[in-house]
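One structure is given below, encoded as structure tokens.
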Amino acid sequence: MSLTELPVEAAGNDIASARARAIDAFLAQARGLLRRGTTHDALQAVADALIRLGQRHALFPAAHFPVDAQRPAQVYRLAEDADGGFALYLSAGLAGKAQPPHDHSTWAVIAGVEGNERNVVYRRRKTADPARDALEHQRTVDVAAGSAVVLSPTDVHTIELVDGHDGRHLHFYGRALELLDRRVVFEGTEGGSYRHFAPPKNIRHPAITPQALKAALSDGEEIALLDVRETGVFVRSHILLAASAPSWRLEIQIDRLVPRRSTRIVLADADESLAHQAAAKLVRLGWRNVSVLSGGTEGWAAAGYELFSGSNVPSKAFGEVIEHRKHTPWISVDELHQRVERGDDIVVVDSRTPEEFADFSLPFAHSLPGAELVYRIQELAPRPETLVVVNCAGRTRSIVGAQTLIDAGIPNPVVSLKDGTMAWLLAGRKLARGRAAPLPEPGERTRQDARARAEDVAARAGVRRIDAATFALLEAESEERSLYRFDVRTRQEYEAGHLEGWRWAPGGQLVQATDEYVGTRRARIVLVDWDGVRALTTGAWLAQLGGHEVFVLSPAALPVLVLGPEAVRVLPLRAPAPVIAPRETAAALEAGTVLVFDVERRAAYERQHVAGARFAVPDRLQEFIADVPASQLIVLTSSDGVLARVVAAELGARTGREVRALAGGTQAWVAARLPTGHGADNVLTGDDDHWYSPYAHADLARRDAGFRQYLDWEIGLVAQLEREGDVGIRLVEPAGSS
């Protein structure tokens, strides 16, 4: 039995995924039928296949394709080739919806799902008046479920929903609607004057209600909920399980965030003003199982559901749950200061990244990122009497790090530093800056001990160890189940040699910011290291965080290594934007004939930028160039120029003006020793791209107020999580507990 013949229930638990599979099967069949040309017989065979798809009306419920008095007719995009080739839409309308005589300038096949769409087909005939053509009636075809009509590029037709019923019909075209700019519409059914009309401006995508999304997030199937607003807007108010995926950055992010093309994806924004453009981009890039949250987060809140602020909220809430349920012991900054001053037997470890540690740290702390704790702690605290204090900038990684060591059963007493370096600064003390130290390398005996402890915790958390053969099976199933592959070692180890195709995600950060690495809930995650400790430690926490199936691979049988940093794949949707050299840009800036916009990140812009540049998040560029004279060139830059070329191509397509990218980006500008600036001057979009850290405040009163606000917010996540409901957190008991 073919997929298109399966009932909805047999193809999966959610309608959107079953619909996407059925559409994929139809498109594959249509491509095969039309491979030798668009003959009448071939198009009629396509029509028969489209009829069968339309007869599966349960795949196209009215709730997914809404129309109402404010929007009585609506076109929904179902599939569309990136090059504008084959395109499939669902046209929905209220009873009585009608369109005047028009052509398509490409072939079209229309099949029914619900309702009767009457198609009256005409032949266009030239008259003596070049501005007026005549229409001759050819045939009338009523298209309902079980029937279809085939139209040639020159056919003219009218459509009307008759019989008093609303309608939903599948429209399959040889070219995307948005590229059909030579279509004509006539003044009446006799013909007469005609005009070219523009492509539709408001093609939408299947809808999902807040209630349906809430159910989908806990239905046991894979789902990726992506918020397409810029990150700084996202962190102010978003759905807990959403990942940040700004629309203008999707070409760079989506392949890593949601690697499986058939993943069920729901896009959200505040009010649907951005999500449909993002959905169009994803569909054209090959992710066709895409829906849009009705009403956005405003609709979610109106339905009575919880919204969260902050970044990496699931992981930070996880840390608070750990302390709340496990009563993770802590030490105050005052007590720590007193004990350090007395010379007590204490080791303080900072569980953040080495880069964060170098930015600032407690003066006496050692850098030991989260996944390295079990692996290396015995080198720093070999005496079981030594008190181990785990610290971070706030709370989460202090709590998770301390509980990591406790759950692993190390013999030392372990505590977290309550409220981290924020509390240290609030107490009026100083931090050290610019410190960097190599991580202590464990000896074979301590490595074996650490491995045994990590194995025990991972087993209790449900992490599975797999070999190369089992991993090959997971890879073979990656078209059906999402598969994420992470190397959790340090940056230096990863760049010295890693498995091909594996992403770098230092274990502590993968737990701290899971939503930045894994966009799909209930995916499979495979972790690897070469020591058998860090992957197990990271895996144990990911398994307890919930929402994923976690595996650890021994890489011994996979010896092929790749050197260097992680490769980032860009999925271009449009032809690359033209570039302009740094020195040519500098001359144009001096002459006043160019405007330069930096589109990377505000924090990077403030550290160093092209002198004279302005900063703006990509999705607001159009408003800033609306009044710029056409004689003035628009140039975009980003750190290495990659994002700038992507954004420039889209901005040029949307505005119709030439937009160039700075060749090599800001890095090339700096390398050419051209003038640079720093600071927040000419930042046009505030904090739209990031959550402003209270550490960045120069004013101490504002900084301290920001610290207190942040700590109150983080502590309050437990209560907010209880209102949200079960999100899958499952904590293990400490080693040796009964």
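So you can find residues: chains in the structure tokens are A, B, ... in the order shown, residues in each start at 1, and ligands are numbered from 1 in order.
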message = Which residues are close to Ala427 of chain A, i.e. within 10 Å by only C-alpha atoms, leaving aside same-chain residues fewer than 6 positions away? Reply as a PyMOL selection string.
response = chain A and resi 333-334+421+704
Go ahead and write the selection's residues with C-alpha atoms as an mmCIF file, in the first residue's frame.
```
data_model
loop_
_atom_site.group_PDB
_atom_site.id
_atom_site.type_symbol
_atom_site.label_atom_id
_atom_site.label_comp_id
_atom_site.auth_asym_id
_atom_site.auth_seq_id
_atom_site.Cartn_x
_atom_site.Cartn_y
_atom_site.Cartn_z
ATOM 1 C CA VAL A 333 29.744 34.920 49.224
ATOM 2 C CA ASP A 334 30.375 36.259 52.730
ATOM 3 C CA THR A 421 29.709 36.495 40.827
ATOM 4 C CA ASP A 704 23.285 46.123 40.830
#
```
inquiry  = So that I can see what lies close to Glu323 of chain A, please list as an MDAnalysis selection string the residues with an atom at most 9 Å from it, counting only C-alpha atoms and leaving out residues fewer than 5 positions away in the same chain.
reply    = chainID A and resid 318 328:329 399:400 403
Please identify the strand (DSSP E) residues within segment 5-141 of chain A (assignment by DSSP from backbone atoms) and present them as a compact mmCIF listing (two decimals) with all heavy atoms, in the first residue's frame.
```
# COMPACT_ATOMS: atom_id res chain seq x y z
N ALA A 73 -11.12 35.11 1.31
CA ALA A 73 -10.40 34.24 0.38
C ALA A 73 -8.93 34.28 0.74
O ALA A 73 -8.38 35.35 1.00
CB ALA A 73 -10.61 34.69 -1.06
N GLN A 74 -8.29 33.11 0.77
CA GLN A 74 -6.90 33.05 1.19
C GLN A 74 -6.19 31.91 0.49
O GLN A 74 -6.71 30.80 0.39
CB GLN A 74 -6.79 32.87 2.71
CG GLN A 74 -5.37 32.84 3.23
CD GLN A 74 -4.65 34.14 2.97
OE1 GLN A 74 -5.10 35.21 3.39
NE2 GLN A 74 -3.52 34.06 2.28
N VAL A 75 -4.97 32.20 0.02
CA VAL A 75 -4.11 31.19 -0.58
C VAL A 75 -3.09 30.76 0.46
O VAL A 75 -2.45 31.60 1.11
CB VAL A 75 -3.40 31.73 -1.83
CG1 VAL A 75 -2.41 30.70 -2.37
CG2 VAL A 75 -4.42 32.09 -2.91
N TYR A 76 -2.92 29.42 0.60
CA TYR A 76 -1.96 28.85 1.55
C TYR A 76 -0.89 28.08 0.78
O TYR A 76 -1.20 27.25 -0.07
CB TYR A 76 -2.66 27.92 2.53
CG TYR A 76 -3.53 28.64 3.53
CD1 TYR A 76 -4.88 28.90 3.24
CD2 TYR A 76 -3.02 29.06 4.75
CE1 TYR A 76 -5.69 29.57 4.15
CE2 TYR A 76 -3.82 29.73 5.66
CZ TYR A 76 -5.15 29.98 5.36
OH TYR A 76 -5.93 30.65 6.26
N ARG A 77 0.37 28.37 1.09
CA ARG A 77 1.49 27.68 0.44
C ARG A 77 1.70 26.33 1.09
O ARG A 77 1.87 26.22 2.30
CB ARG A 77 2.75 28.53 0.55
CG ARG A 77 3.97 27.94 -0.14
CD ARG A 77 5.20 28.82 0.05
NE ARG A 77 5.20 30.02 -0.78
CZ ARG A 77 4.93 31.24 -0.33
NH1 ARG A 77 4.63 31.44 0.96
NH2 ARG A 77 4.96 32.28 -1.14
N LEU A 78 1.75 25.27 0.27
CA LEU A 78 2.02 23.92 0.77
C LEU A 78 3.41 23.43 0.37
O LEU A 78 4.07 22.73 1.13
CB LEU A 78 0.96 22.95 0.25
CG LEU A 78 -0.48 23.21 0.70
CD1 LEU A 78 -1.43 22.22 0.05
CD2 LEU A 78 -0.61 23.15 2.21
N ALA A 79 3.82 23.76 -0.85
CA ALA A 79 5.15 23.36 -1.32
C ALA A 79 5.54 24.28 -2.46
O ALA A 79 4.68 24.71 -3.25
CB ALA A 79 5.15 21.91 -1.80
N GLU A 80 6.84 24.58 -2.54
CA GLU A 80 7.30 25.49 -3.58
C GLU A 80 8.80 25.28 -3.76
O GLU A 80 9.56 25.33 -2.80
CB GLU A 80 7.02 26.94 -3.17
CG GLU A 80 7.15 27.95 -4.27
CD GLU A 80 6.70 29.33 -3.79
OE1 GLU A 80 5.49 29.51 -3.55
OE2 GLU A 80 7.57 30.20 -3.62
N ALA A 87 4.89 24.40 -7.72
CA ALA A 87 4.36 25.04 -6.52
C ALA A 87 2.95 24.52 -6.28
O ALA A 87 2.14 24.44 -7.20
CB ALA A 87 4.34 26.56 -6.69
N LEU A 88 2.69 24.15 -5.02
CA LEU A 88 1.38 23.62 -4.63
C LEU A 88 0.80 24.50 -3.55
O LEU A 88 1.47 24.82 -2.56
CB LEU A 88 1.53 22.18 -4.11
CG LEU A 88 0.25 21.49 -3.63
CD1 LEU A 88 -0.74 21.30 -4.77
CD2 LEU A 88 0.58 20.15 -2.98
N TYR A 89 -0.46 24.89 -3.75
CA TYR A 89 -1.15 25.76 -2.80
C TYR A 89 -2.51 25.17 -2.47
O TYR A 89 -3.06 24.36 -3.22
CB TYR A 89 -1.35 27.17 -3.38
CG TYR A 89 -0.10 27.81 -3.90
CD1 TYR A 89 0.27 27.66 -5.24
CD2 TYR A 89 0.73 28.55 -3.07
CE1 TYR A 89 1.43 28.24 -5.73
CE2 TYR A 89 1.89 29.14 -3.55
CZ TYR A 89 2.24 28.97 -4.89
OH TYR A 89 3.38 29.55 -5.37
N LEU A 90 -3.06 25.62 -1.36
CA LEU A 90 -4.47 25.37 -1.07
C LEU A 90 -5.18 26.71 -1.09
O LEU A 90 -4.76 27.65 -0.39
CB LEU A 90 -4.66 24.68 0.28
CG LEU A 90 -6.12 24.30 0.56
CD1 LEU A 90 -6.20 22.92 1.20
CD2 LEU A 90 -6.83 25.31 1.44
N SER A 91 -6.22 26.81 -1.91
CA SER A 91 -7.03 28.02 -1.99
C SER A 91 -8.30 27.80 -1.18
O SER A 91 -9.04 26.84 -1.43
CB SER A 91 -7.38 28.33 -3.45
OG SER A 91 -8.23 29.45 -3.54
N ALA A 92 -8.50 28.64 -0.18
CA ALA A 92 -9.68 28.53 0.69
C ALA A 92 -10.54 29.77 0.52
O ALA A 92 -10.03 30.87 0.31
CB ALA A 92 -9.26 28.38 2.15
N GLY A 93 -11.86 29.60 0.58
CA GLY A 93 -12.74 30.75 0.42
C GLY A 93 -14.11 30.51 1.00
O GLY A 93 -14.56 29.36 1.13
N ALA A 98 -15.43 34.60 -5.76
CA ALA A 98 -15.32 34.56 -7.22
C ALA A 98 -14.12 35.38 -7.67
O ALA A 98 -13.70 36.32 -6.99
CB ALA A 98 -16.60 35.09 -7.86
N GLN A 99 -13.59 35.02 -8.82
CA GLN A 99 -12.49 35.75 -9.44
C GLN A 99 -12.86 36.06 -10.89
O GLN A 99 -13.44 35.22 -11.58
CB GLN A 99 -11.20 34.92 -9.41
CG GLN A 99 -10.64 34.69 -8.02
CD GLN A 99 -10.05 35.95 -7.41
OE1 GLN A 99 -9.71 36.89 -8.12
NE2 GLN A 99 -9.94 35.98 -6.09
N PRO A 100 -12.56 37.26 -11.37
CA PRO A 100 -12.86 37.61 -12.77
C PRO A 100 -11.97 36.83 -13.72
O PRO A 100 -11.02 36.16 -13.29
CB PRO A 100 -12.56 39.11 -12.81
CG PRO A 100 -11.54 39.33 -11.73
CD PRO A 100 -11.90 38.36 -10.65
N PRO A 101 -12.22 36.91 -15.04
CA PRO A 101 -11.43 36.14 -16.01
C PRO A 101 -9.94 36.50 -15.93
O PRO A 101 -9.58 37.67 -15.98
CB PRO A 101 -12.02 36.54 -17.36
CG PRO A 101 -13.38 37.08 -17.05
CD PRO A 101 -13.27 37.70 -15.69
N HIS A 102 -9.10 35.49 -15.82
CA HIS A 102 -7.66 35.71 -15.73
C HIS A 102 -6.94 34.48 -16.26
O HIS A 102 -7.51 33.39 -16.34
CB HIS A 102 -7.25 35.99 -14.28
CG HIS A 102 -7.50 34.84 -13.36
ND1 HIS A 102 -8.74 34.60 -12.80
CD2 HIS A 102 -6.68 33.86 -12.89
CE1 HIS A 102 -8.68 33.53 -12.02
NE2 HIS A 102 -7.44 33.06 -12.06
N ALA A 108 -1.65 24.90 -15.05
CA ALA A 108 -2.22 24.79 -13.71
C ALA A 108 -3.14 23.58 -13.64
O ALA A 108 -3.81 23.25 -14.63
CB ALA A 108 -2.99 26.05 -13.34
N VAL A 109 -3.14 22.94 -12.48
CA VAL A 109 -4.06 21.84 -12.21
C VAL A 109 -4.77 22.14 -10.90
O VAL A 109 -4.11 22.47 -9.90
CB VAL A 109 -3.31 20.49 -12.11
CG1 VAL A 109 -4.30 19.36 -11.85
CG2 VAL A 109 -2.50 20.22 -13.37
N ILE A 110 -6.09 22.06 -10.91
CA ILE A 110 -6.88 22.37 -9.72
C ILE A 110 -7.72 21.15 -9.38
O ILE A 110 -8.40 20.59 -10.26
CB ILE A 110 -7.80 23.59 -9.95
CG1 ILE A 110 -6.96 24.81 -10.35
CG2 ILE A 110 -8.63 23.88 -8.70
CD1 ILE A 110 -7.80 26.00 -10.79
N ALA A 111 -7.68 20.72 -8.11
CA ALA A 111 -8.48 19.58 -7.65
C ALA A 111 -9.20 19.95 -6.37
O ALA A 111 -8.73 20.79 -5.59
CB ALA A 111 -7.58 18.35 -7.43
N GLY A 112 -10.34 19.31 -6.14
CA GLY A 112 -11.17 19.66 -5.01
C GLY A 112 -10.81 18.94 -3.73
O GLY A 112 -10.34 17.79 -3.75
N VAL A 113 -11.04 19.62 -2.62
CA VAL A 113 -10.97 19.02 -1.29
C VAL A 113 -12.35 19.10 -0.65
O VAL A 113 -12.93 18.09 -0.25
CB VAL A 113 -9.93 19.74 -0.40
CG1 VAL A 113 -9.94 19.17 1.02
CG2 VAL A 113 -8.53 19.63 -0.99
N GLU A 114 -12.88 20.30 -0.55
CA GLU A 114 -14.23 20.54 -0.04
C GLU A 114 -14.87 21.64 -0.87
O GLU A 114 -14.20 22.58 -1.29
CB GLU A 114 -14.20 20.98 1.43
CG GLU A 114 -13.71 19.93 2.42
CD GLU A 114 -14.77 18.89 2.76
OE1 GLU A 114 -15.93 19.07 2.34
OE2 GLU A 114 -14.43 17.90 3.45
N ASN A 116 -17.54 23.24 -4.04
CA ASN A 116 -17.59 23.16 -5.51
C ASN A 116 -17.08 24.47 -6.09
O ASN A 116 -17.71 25.52 -5.93
CB ASN A 116 -19.02 22.89 -5.98
CG ASN A 116 -19.10 22.69 -7.48
OD1 ASN A 116 -18.09 22.67 -8.17
ND2 ASN A 116 -20.33 22.55 -7.99
N GLU A 117 -15.94 24.40 -6.78
CA GLU A 117 -15.38 25.58 -7.44
C GLU A 117 -15.69 25.47 -8.93
O GLU A 117 -15.16 24.61 -9.63
CB GLU A 117 -13.87 25.64 -7.21
CG GLU A 117 -13.20 26.86 -7.84
CD GLU A 117 -11.70 26.88 -7.63
OE1 GLU A 117 -11.28 27.32 -6.54
OE2 GLU A 117 -10.96 26.43 -8.52
N ARG A 118 -16.58 26.33 -9.40
CA ARG A 118 -16.97 26.31 -10.81
C ARG A 118 -15.94 27.07 -11.63
O ARG A 118 -15.69 28.25 -11.41
CB ARG A 118 -18.35 26.91 -11.00
CG ARG A 118 -18.83 26.96 -12.45
CD ARG A 118 -20.33 27.11 -12.52
NE ARG A 118 -20.99 25.92 -11.99
CZ ARG A 118 -22.27 25.88 -11.60
NH1 ARG A 118 -23.01 26.98 -11.66
NH2 ARG A 118 -22.79 24.76 -11.14
N ASN A 119 -15.33 26.38 -12.59
CA ASN A 119 -14.35 26.97 -13.49
C ASN A 119 -14.97 27.11 -14.87
O ASN A 119 -15.37 26.12 -15.49
CB ASN A 119 -13.11 26.08 -13.60
CG ASN A 119 -12.22 26.16 -12.37
OD1 ASN A 119 -11.16 26.76 -12.42
ND2 ASN A 119 -12.65 25.55 -11.27
N VAL A 120 -15.07 28.34 -15.35
CA VAL A 120 -15.52 28.60 -16.72
C VAL A 120 -14.28 28.98 -17.51
O VAL A 120 -13.61 29.97 -17.20
CB VAL A 120 -16.57 29.72 -16.77
CG1 VAL A 120 -17.05 29.93 -18.21
CG2 VAL A 120 -17.76 29.38 -15.87
N VAL A 121 -13.97 28.17 -18.53
CA VAL A 121 -12.71 28.31 -19.27
C VAL A 121 -12.98 28.97 -20.62
O VAL A 121 -13.93 28.60 -21.33
CB VAL A 121 -12.03 26.95 -19.47
CG1 VAL A 121 -10.67 27.12 -20.13
CG2 VAL A 121 -11.88 26.23 -18.13
N TYR A 122 -12.13 29.94 -20.95
CA TYR A 122 -12.27 30.71 -22.19
C TYR A 122 -10.99 30.61 -23.01
O TYR A 122 -9.90 30.40 -22.47
CB TYR A 122 -12.54 32.19 -21.90
CG TYR A 122 -13.77 32.45 -21.06
CD1 TYR A 122 -13.68 32.43 -19.66
CD2 TYR A 122 -15.00 32.72 -21.65
CE1 TYR A 122 -14.80 32.68 -18.88
CE2 TYR A 122 -16.13 32.97 -20.87
CZ TYR A 122 -16.02 32.94 -19.49
OH TYR A 122 -17.13 33.19 -18.73
N ARG A 123 -11.16 30.84 -24.35
CA ARG A 123 -10.01 31.00 -25.23
C ARG A 123 -9.88 32.47 -25.57
O ARG A 123 -10.86 33.14 -25.90
CB ARG A 123 -10.19 30.18 -26.51
CG ARG A 123 -8.97 30.27 -27.46
CD ARG A 123 -9.12 29.30 -28.62
NE ARG A 123 -10.21 29.69 -29.50
CZ ARG A 123 -10.09 30.55 -30.53
NH1 ARG A 123 -8.91 31.12 -30.78
NH2 ARG A 123 -11.12 30.83 -31.30
N ARG A 124 -8.68 32.96 -25.48
CA ARG A 124 -8.42 34.38 -25.74
C ARG A 124 -8.19 34.58 -27.24
O ARG A 124 -7.43 33.85 -27.86
CB ARG A 124 -7.18 34.81 -24.94
CG ARG A 124 -6.81 36.27 -25.04
CD ARG A 124 -5.60 36.53 -24.15
NE ARG A 124 -5.16 37.92 -24.20
CZ ARG A 124 -4.11 38.40 -23.55
NH1 ARG A 124 -3.42 37.59 -22.76
NH2 ARG A 124 -3.77 39.67 -23.65
N ARG A 125 -8.87 35.60 -27.81
CA ARG A 125 -8.75 35.88 -29.24
C ARG A 125 -8.45 37.35 -29.46
O ARG A 125 -9.09 38.22 -28.87
CB ARG A 125 -10.05 35.48 -29.96
CG ARG A 125 -10.02 35.71 -31.47
CD ARG A 125 -11.26 35.12 -32.12
NE ARG A 125 -12.49 35.65 -31.54
CZ ARG A 125 -13.03 36.83 -31.89
NH1 ARG A 125 -12.43 37.62 -32.77
NH2 ARG A 125 -14.17 37.22 -31.33
N LYS A 126 -7.47 37.62 -30.32
CA LYS A 126 -7.11 38.99 -30.64
C LYS A 126 -8.22 39.67 -31.43
O LYS A 126 -8.95 39.04 -32.20
CB LYS A 126 -5.81 39.03 -31.45
CG LYS A 126 -4.57 38.59 -30.69
CD LYS A 126 -4.23 39.59 -29.58
CE LYS A 126 -2.96 39.20 -28.86
NZ LYS A 126 -2.65 40.14 -27.75
N ARG A 132 -7.72 45.53 -26.55
CA ARG A 132 -8.90 44.75 -26.15
C ARG A 132 -8.85 43.40 -26.85
O ARG A 132 -8.59 43.32 -28.05
CB ARG A 132 -10.19 45.48 -26.53
CG ARG A 132 -10.34 46.85 -25.87
CD ARG A 132 -11.58 47.58 -26.38
NE ARG A 132 -12.80 46.90 -25.99
CZ ARG A 132 -13.41 47.06 -24.81
NH1 ARG A 132 -12.87 47.89 -23.91
NH2 ARG A 132 -14.53 46.44 -24.53
N ASP A 133 -9.08 42.33 -26.10
CA ASP A 133 -9.17 40.98 -26.65
C ASP A 133 -10.54 40.41 -26.35
O ASP A 133 -11.22 40.83 -25.39
CB ASP A 133 -8.10 40.07 -26.05
CG ASP A 133 -6.72 40.33 -26.62
OD1 ASP A 133 -6.62 41.12 -27.57
OD2 ASP A 133 -5.75 39.75 -26.09
N ALA A 134 -10.95 39.46 -27.17
CA ALA A 134 -12.24 38.80 -26.94
C ALA A 134 -12.02 37.47 -26.23
O ALA A 134 -10.96 36.85 -26.36
CB ALA A 134 -12.95 38.58 -28.27
N LEU A 135 -13.01 37.02 -25.49
CA LEU A 135 -12.98 35.73 -24.82
C LEU A 135 -14.09 34.85 -25.38
O LEU A 135 -15.25 35.28 -25.47
CB LEU A 135 -13.16 35.88 -23.31
CG LEU A 135 -12.04 36.61 -22.56
CD1 LEU A 135 -12.38 36.71 -21.07
CD2 LEU A 135 -10.69 35.91 -22.73
N GLU A 136 -13.73 33.64 -25.76
CA GLU A 136 -14.70 32.68 -26.29
C GLU A 136 -14.84 31.52 -25.32
O GLU A 136 -13.85 30.89 -24.94
CB GLU A 136 -14.24 32.17 -27.65
CG GLU A 136 -14.15 33.25 -28.72
CD GLU A 136 -13.63 32.70 -30.04
OE1 GLU A 136 -13.20 31.52 -30.06
OE2 GLU A 136 -13.66 33.45 -31.04
N HIS A 137 -16.07 31.24 -24.92
CA HIS A 137 -16.33 30.17 -23.96
C HIS A 137 -15.91 28.82 -24.54
O HIS A 137 -16.24 28.48 -25.68
CB HIS A 137 -17.82 30.14 -23.59
CG HIS A 137 -18.17 29.03 -22.64
ND1 HIS A 137 -18.63 27.80 -23.07
CD2 HIS A 137 -18.11 28.96 -21.29
CE1 HIS A 137 -18.85 27.03 -22.02
NE2 HIS A 137 -18.55 27.72 -20.92
N GLN A 138 -15.16 28.05 -23.74
CA GLN A 138 -14.71 26.73 -24.16
C GLN A 138 -15.41 25.61 -23.41
O GLN A 138 -15.93 24.68 -24.00
CB GLN A 138 -13.20 26.60 -23.93
CG GLN A 138 -12.35 27.55 -24.78
CD GLN A 138 -12.41 27.18 -26.25
OE1 GLN A 138 -11.97 26.11 -26.66
NE2 GLN A 138 -12.98 28.07 -27.05
N ARG A 139 -15.44 25.71 -22.07
CA ARG A 139 -16.06 24.65 -21.28
C ARG A 139 -16.29 25.14 -19.87
O ARG A 139 -15.68 26.13 -19.43
CB ARG A 139 -15.19 23.38 -21.26
CG ARG A 139 -13.85 23.54 -20.56
CD ARG A 139 -12.95 22.33 -20.86
NE ARG A 139 -11.75 22.30 -20.03
CZ ARG A 139 -10.63 22.98 -20.26
NH1 ARG A 139 -10.57 23.79 -21.32
NH2 ARG A 139 -9.59 22.86 -19.45
N THR A 140 -17.16 24.46 -19.15
CA THR A 140 -17.41 24.73 -17.74
C THR A 140 -17.14 23.46 -16.96
O THR A 140 -17.66 22.39 -17.31
CB THR A 140 -18.85 25.20 -17.50
OG1 THR A 140 -19.07 26.43 -18.20
CG2 THR A 140 -19.11 25.42 -16.01
N VAL A 141 -16.31 23.56 -15.94
CA VAL A 141 -15.92 22.40 -15.15
C VAL A 141 -16.19 22.70 -13.68
O VAL A 141 -15.65 23.67 -13.12
CB VAL A 141 -14.44 22.05 -15.34
CG1 VAL A 141 -14.09 20.79 -14.55
CG2 VAL A 141 -14.11 21.87 -16.81
```
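Picture a line from atom CA of Pro506 of chain A to atom CA of Ala543 of chain A; it runs 16.3 Å.
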key: Residue neighbourhood segment 482-489 of chain A, 6 Å, only C-alpha atoms, exclusion window fewer than 4 positions, as number ranges by chain   = A: 260, 478, 502-507, 523-528
Contacts of segment 336-352 of chain A at 9 Å (only C-alpha atoms; same-chain gap of 6+ positions) as JSON, numbers by chain = {"A": [361, 362, 364, 365, 366, 367, 368, 369, 370, 371, 372, 373, 377, 380, 381, 385, 386, 387, 388, 389, 390, 391, 392, 393, 397, 398, 401, 417, 508, 509]}
task = Could you give me the residues within segment 165-319 of chain A that DSSP places in alpha helix (DSSP H), as a ChimeraX atom specification?
result = /A:210-216,231-236,250-257,275-285,296-302,313-319
request  = One decimal, Å: what's the distance from atom CA of Ala69 of chain A over to atom CA of Asp163 of chain A, could you say?
outcome  =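 Atom CA of Ala69 of chain A sits 18.5 Å away from atom CA of Asp163 of chain A.
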remark   = As a check of understanding: the span from atom CA of Leu282 of chain A to atom CA of Pro259 of chain A is 12.0 Å
request  = Compile the contact shell of Ala461 of chain A as a list in words: residues with an atom at most 9 Å away, counting only C-alpha atoms, same-chain residues fewer than 3 positions apart removed.
outcome  =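 Once the adjacent positions are removed, what remains is Asp456, Val457, Ala458, Gly539, Ala540, Trp541, Leu542, Ala543, Gln544, Arg730, Leu731 and Val732 of chain A.
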